[in-house]
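Q: Here's a structure for you.
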Amino acid sequence: MTRDLSSLMRMLGEEVPSEHLSDPLAFIFADNFRCRVLCNVLDVVGSGTKVGPAALETCRSFLFSDFLTHIADERQGLFPLLLERTTPEDGVQDVIRRQRTSFATVNRVADELTRLEGGHWAVRNGVGVIRTFVAAEREHISIENVVVLPVARRRLSGEDLKWLGNVMRNHRARSPRAALPS
């Protein structure tokens with residue numbers, strides 16, 4: 001388990017290279033993989049397995065930096081663009097309008113990770129918050145990878161993708177990623 005967790009933590013710490021923003025849909029797909037890695041780490045945490053403070057801090061840092069930037073990429077870039085470029089027959093408009101993980105939920109998960117780091121491993125509510133987050137995030141990623149991104153590849157023009165890449169670059173320029181703990 002320790003070796004698997006160490007491998008997951010390394011993957012979580014790796015950034016998608018910014019030069020890949022020239023293909024913003026591939027970047028989002030790669031970022032979705034990193035969000036799945038976060039879910040895998042949180043599964044370990046939610047199982048009651050004690051993990052070190054560095055792993056918990058890495059999860060919190062990822063949530064507040066990379067994950068929130070990923071949500072901004074979707075909410076302020078990809079999703080509004082798709083709402084303009086698709087029709088109801090494409091089958092993505094209702095999916096896009098469904099509520100995504102909120103900033104308040106990210107804060108609750110991070111707070112629970114802080115409690116766990118303080119040695120409060122018996123916090124049942126915290127485990128529930130983490131498990132609910134993981135289940136919702138996995139569902140979102142699956143739908144996005146299987147439904148939303150393929151439609152985006154068909155519907156978005158080269159100019160749309162250039163605009164989306166610029167939006168995503170601007171998110172990263174405004175909120176540069178802090179170094180994750182090792």
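Residue numbering restarts at 1 for every chain of the structure tokens, chains are lettered A, B, ... in their displayed order, and ligands are numbered from 1 as they appear.
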Near A:Glu144, within 12 Å and counting only C-alpha atoms, which residues show up once chain neighbours fewer than 6 positions away are dropped, as a PyMOL selection string?

A: chain A and resi 25+28-33+74+78-79+91-93+95-96+98+100+137-138+150-152

Q: Write to file, as a PDB file, in the first residue's frame, the residues of the selection just made, with N, CA and C atoms.

A:
```
ATOM      1  N   LEU A  25      -8.238  20.559 -25.130  1.00  0.00           N
ATOM      2  CA  LEU A  25      -9.068  19.407 -24.796  1.00  0.00           C
ATOM      3  C   LEU A  25      -8.215  18.233 -24.325  1.00  0.00           C
ATOM      4  N   ILE A  28      -7.235  19.098 -20.771  1.00  0.00           N
ATOM      5  CA  ILE A  28      -8.311  18.814 -19.819  1.00  0.00           C
ATOM      6  C   ILE A  28      -8.405  17.311 -19.564  1.00  0.00           C
ATOM      7  N   PHE A  29      -8.252  16.506 -20.610  1.00  0.00           N
ATOM      8  CA  PHE A  29      -8.282  15.051 -20.449  1.00  0.00           C
ATOM      9  C   PHE A  29      -7.148  14.599 -19.523  1.00  0.00           C
ATOM     10  N   ALA A  30      -5.951  15.150 -19.722  1.00  0.00           N
ATOM     11  CA  ALA A  30      -4.806  14.811 -18.861  1.00  0.00           C
ATOM     12  C   ALA A  30      -5.044  15.292 -17.433  1.00  0.00           C
ATOM     13  N   ASP A  31      -5.627  16.471 -17.297  1.00  0.00           N
ATOM     14  CA  ASP A  31      -5.937  16.989 -15.966  1.00  0.00           C
ATOM     15  C   ASP A  31      -6.992  16.120 -15.285  1.00  0.00           C
ATOM     16  N   ASN A  32      -7.930  15.579 -16.062  1.00  0.00           N
ATOM     17  CA  ASN A  32      -8.913  14.654 -15.505  1.00  0.00           C
ATOM     18  C   ASN A  32      -8.223  13.419 -14.923  1.00  0.00           C
ATOM     19  N   PHE A  33      -7.172  12.961 -15.574  1.00  0.00           N
ATOM     20  CA  PHE A  33      -6.419  11.819 -15.042  1.00  0.00           C
ATOM     21  C   PHE A  33      -5.842  12.167 -13.671  1.00  0.00           C
ATOM     22  N   GLU A  74     -13.181  24.741 -16.751  1.00  0.00           N
ATOM     23  CA  GLU A  74     -14.468  24.234 -17.224  1.00  0.00           C
ATOM     24  C   GLU A  74     -15.560  25.294 -17.145  1.00  0.00           C
ATOM     25  N   LEU A  78     -14.537  26.033 -21.094  1.00  0.00           N
ATOM     26  CA  LEU A  78     -15.101  24.931 -21.869  1.00  0.00           C
ATOM     27  C   LEU A  78     -16.626  24.914 -21.867  1.00  0.00           C
ATOM     28  N   PHE A  79     -17.240  24.964 -20.697  1.00  0.00           N
ATOM     29  CA  PHE A  79     -18.684  24.787 -20.630  1.00  0.00           C
ATOM     30  C   PHE A  79     -19.463  25.929 -21.286  1.00  0.00           C
ATOM     31  N   GLY A  91     -26.577  16.330 -26.794  1.00  0.00           N
ATOM     32  CA  GLY A  91     -26.672  15.613 -25.530  1.00  0.00           C
ATOM     33  C   GLY A  91     -25.721  16.062 -24.442  1.00  0.00           C
ATOM     34  N   VAL A  92     -25.153  17.250 -24.569  1.00  0.00           N
ATOM     35  CA  VAL A  92     -24.223  17.694 -23.525  1.00  0.00           C
ATOM     36  C   VAL A  92     -24.733  18.879 -22.717  1.00  0.00           C
ATOM     37  N   GLN A  93     -25.718  19.574 -23.204  1.00  0.00           N
ATOM     38  CA  GLN A  93     -26.155  20.793 -22.517  1.00  0.00           C
ATOM     39  C   GLN A  93     -26.683  20.509 -21.111  1.00  0.00           C
ATOM     40  N   VAL A  95     -25.921  17.922 -19.290  1.00  0.00           N
ATOM     41  CA  VAL A  95     -24.763  17.443 -18.522  1.00  0.00           C
ATOM     42  C   VAL A  95     -23.955  18.637 -18.021  1.00  0.00           C
ATOM     43  N   ILE A  96     -23.742  19.602 -18.886  1.00  0.00           N
ATOM     44  CA  ILE A  96     -22.945  20.775 -18.518  1.00  0.00           C
ATOM     45  C   ILE A  96     -23.640  21.597 -17.442  1.00  0.00           C
ATOM     46  N   ARG A  98     -25.529  20.542 -15.086  1.00  0.00           N
ATOM     47  CA  ARG A  98     -25.589  19.882 -13.773  1.00  0.00           C
ATOM     48  C   ARG A  98     -24.546  20.487 -12.854  1.00  0.00           C
ATOM     49  N   ARG A 100     -21.593  21.073 -10.556  1.00  0.00           N
ATOM     50  CA  ARG A 100     -20.252  20.509 -10.399  1.00  0.00           C
ATOM     51  C   ARG A 100     -19.825  20.718  -8.961  1.00  0.00           C
ATOM     52  N   GLU A 137     -16.894  13.216  -8.046  1.00  0.00           N
ATOM     53  CA  GLU A 137     -15.815  13.592  -8.961  1.00  0.00           C
ATOM     54  C   GLU A 137     -15.567  12.494  -9.999  1.00  0.00           C
ATOM     55  N   ARG A 138     -15.594  11.252  -9.578  1.00  0.00           N
ATOM     56  CA  ARG A 138     -15.409  10.154 -10.537  1.00  0.00           C
ATOM     57  C   ARG A 138     -16.526  10.138 -11.580  1.00  0.00           C
ATOM     58  N   PRO A 150     -15.608  14.370 -26.358  1.00  0.00           N
ATOM     59  CA  PRO A 150     -15.812  13.995 -27.767  1.00  0.00           C
ATOM     60  C   PRO A 150     -16.714  14.976 -28.530  1.00  0.00           C
ATOM     61  N   VAL A 151     -17.769  15.466 -27.887  1.00  0.00           N
ATOM     62  CA  VAL A 151     -18.626  16.455 -28.547  1.00  0.00           C
ATOM     63  C   VAL A 151     -17.840  17.744 -28.766  1.00  0.00           C
ATOM     64  N   ALA A 152     -17.040  18.131 -27.785  1.00  0.00           N
ATOM     65  CA  ALA A 152     -16.222  19.343 -27.932  1.00  0.00           C
ATOM     66  C   ALA A 152     -15.281  19.206 -29.121  1.00  0.00           C
TER      67      ALA A 152
END
```

Q: From a backbone DSSP assignment, name each residue in stretch 57-143 of chain A labelled alpha helix (DSSP H), as a VMD selection string.

A: chain A and resid 57 to 62 68 to 73 79 to 85 93 to 97 103 to 117 124 to 143

Q: If you count only C-alpha atoms, which residues fall within 12 Å of stretch 19-24 of chain A, apart from same-chain ones fewer than 3 positions away, as a ChimeraX atom specification?

A: /A:15-16,27-31,70,73-74,77-78,149,152-153,156-172

Q: Counting only C-alpha atoms, which of A:Glu84, A:Glu57, A:Asp94, A:Glu89 gets nearest to A:Thr114?

A: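 Distance minimum relative to A:Thr114 lands on A:Glu57.
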
Q: Using only C-alpha atoms, can you tell me which of A:Asn145, A:Leu63, A:Glu139, A:Arg97 comes closest to A:Leu82?

A: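 Comparing A:Asn145, A:Leu63, A:Glu139, A:Arg97 against A:Leu82, the winner is A:Arg97.
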
Q: Which polymer residues have any atom within 10 Å of an atom of A:Val127, counting only C-alpha atoms, with same-chain residues fewer than 5 positions away left out, as a count of residues only?

A: 14

Q: How far is it from atom CA of A:Arg115 to atom CA of A:Arg36, in Å with one decimal?

A: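 Interatomic distance, atom CA of A:Arg115 to atom CA of A:Arg36: 22.7 Å.
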
Q: For a test of reading the model, state the distance in Å between atom CA of A:Leu8 and atom CA of A:Phe103, rounded to one decimal.

A: 23.8 Å

Q: So how far away is atom CA of A:Ser18 from atom CA of A:Leu81, in Å?

A: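 Atom CA of A:Ser18 lies 21.0 Å from atom CA of A:Leu81.
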